[in-house]
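Structure, as structure tokens:
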Amino acid sequence: MKRKETHQGQLLWIKRALVDGSSLSHQDRKRLYIKVACASLMLIWLMVASVVMFTPASYTSKWTLILPGAGAGALVNLESIGQATSSTSSPYLSAAIDPRENYKAISNSSVLLRAAAKSINITTAQMGKPKLKLPSQTGLINFSIKAKSAEQASDKAWAHYRSLQALLSQLRADEINLREEGVKLGLSGFANKVSQSQGKILAFQSENSLVSLDQFKELALSMERLRLSRVNMISKLQGLQASRAMLQTHLGLDSSQAADLITLKNDQLFQQLLLDYTQASASLVSFKSRFGNKHPQVMTTRAQQIALLNAMKQRCQTLLGYQNTKLMLMLSADDIDGRAELMKQLLSLTSESEGLKQELMSLDEQIEQWDKRFEKSNDDAARLEDLHREHQLATAVFTSALAKLDVGKADIYSAYPLVQLLAPPSTPVKPDRLANILALVGGVAASILALTGLCMLWMRKPLLRKILTSA
């Protein structure tokens with residue numbers, strides 16, 4: 001019970017203090033409020049003045065970097081070997097990763113700040129962290145850094161920029177080296193495949209007569225040339241045989257008979273006997289036309305004709321080894337119709353035809369041998385072509401990997417995009433007054449709040465009484 005009464009007494013005291021206030025008179029209370037207001041304002045502006053007077057002046061250097069948004073690409077074609085492609089997409093294609101945020105983290109990293117401080121012989125604490133702003137929908141990065149002097153601010157800005165570029169170059173080189181190591185691991189396997197395929201080709205060439213596919217192609221071409229020669233030779237032989245047949249029909253002789261007649265014609269004794277026989281025959285015809293068959297001159301001329309014919313037969317037997325009256329009488333003493341020349345042509349055509357037949361037989365034998373060789377080399381050529389294709393594939397993969405390695409070295413901005421200096425670090429002309437302005441604004445705000453609080457305390461009695469009375 002006593003505790004409850006004590007609690008009610010405390011509440012009544014608080015109520016009296018809030019509603020009734022002190023027992024001071026109106027004038028005394030007014031003077032008290034004025035003194036409190038003056039003391040509060042004096043304290044506030046004394047603090048503002050101390051901040052303005054004792055805060056050292058600072059200078060701010062600003063610079064801007066830009067990340068180009070375009071990607072780069074490269075395509076290398078190696079004729080009959082392969083190709084290598086290298087491309088770098090725009091750094092802003094991914095909605096999940098903003099390269100500017102990466103660069104912001106790198107710019108504020110302790111590694112970069114230590115390097116920048118070391119480059120201008122100051123401590124990391126003196127270097128401080130730059131302030132960064134990333135304007136939306138752009139590739140810009142705005143930097144600003146403070147220092148005690150304009151020259152030091154500019155030096156810190158340049159040191160930070162150069163250290164950033166050096167760190168990015170180091171990161172790019174390290175990224176390229178890591179990629180190169182990964183590609184080299186695969187290159188060893190590709191090189192082994194190239195060596196193995198080359199070894200298979202050399203082993204096959206040493207075990208077989210077929211050394212290259214060109215040799216097989218040349219073999220096929222040689223066969224085609226031989227067959228074409230055979231076709232041309234057959235056509236020529238058929239032409240010669242047709243000409244010979246026509247001459248044989250015209251002369252009524254075959255080639256052997258024509259040769260025998262040429263032999264007889266070239267014999268002077270036979271030619272003299274033929275001439276005498278021709279004259280005797282002409283005289284006999286002349287005498288028969290004038291005299292009877294029993295006339296002495298007719299009988300004498302006939303006997304002479306028979307004797308000459310017998311002599312011709314004996315000479316023919318001696319020259320040819322046989323007698324053929326019809327064949328002997330085909331010759332003429334004067335050869336007015338040029339039969340001898342036609343017989344020579346017949347003999348020439350016959351000998352040329354026989355020569356072509358022999359060449360054709362020899363050519364057929366060669367074609368048969370080349371056919372056997374071609375059939376034997378056919379499987380070898382297919383196997384050799386497979387080995388060459390395997391070697392070309394291994395070489396293409398190996399060469400493409402090498403080209404990709406070299407092209408990848410040229411693309412140093414794939415992981416860390418290119419950064420350009422859009423606006424160089426500025427050298428501030430006047431100190432940064434932002435701290436003083438903020439102190440003055442804070443003083444004004446504190447003064448307003450203090451006066452407002454006193455005013456609310458001054459007017460609390462009538463307001464509270466009205467509220468309690470209405471309640």
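Ordering of the structure tokens sets the chain letters (A, B, ...), residue numbers begin anew at 1 in every chain, and ligands are numbered from 1 in the order given.
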
Q: Return as a PyMOL selection string the full set of residues in region 141-300 of chain A whose backbone-based DSSP assignment is strand (DSSP E or B).
A: chain A and resi 141-147

Q.
as number ranges by chain, please: the residues near region 138-151 of chain A (cut-off 10 Å, only C-alpha atoms, same-chain neighbours under 3 positions excluded).
A. A: 56-69, 91-92, 98-101, 103-104, 107, 126-135, 154-157, 160-161, 419-423, 425-432

Q.
If we count only C-alpha atoms and set the cut-off at 10 Å, which residues sit around region 350-358 of chain A, ignoring sequence neighbours fewer than 2 positions away in its own chain? Please answer as a VMD selection string.
A. chain A and resid 233 to 234 236 to 241 243 to 245 254 to 256 344 to 348 360 to 364

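Among A:Leu275, A:Leu46, A:Met456, A:Leu264, the residue with the shortest atom-to-atom distance to Thr318 (chain A), counting only C-alpha atoms, is A:Leu264.
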
Q | Atomic distance CA of Ala117 (chain A) - CA of Ser163 (chain A), expressed in Å with one decimal | A | 9.3 Å
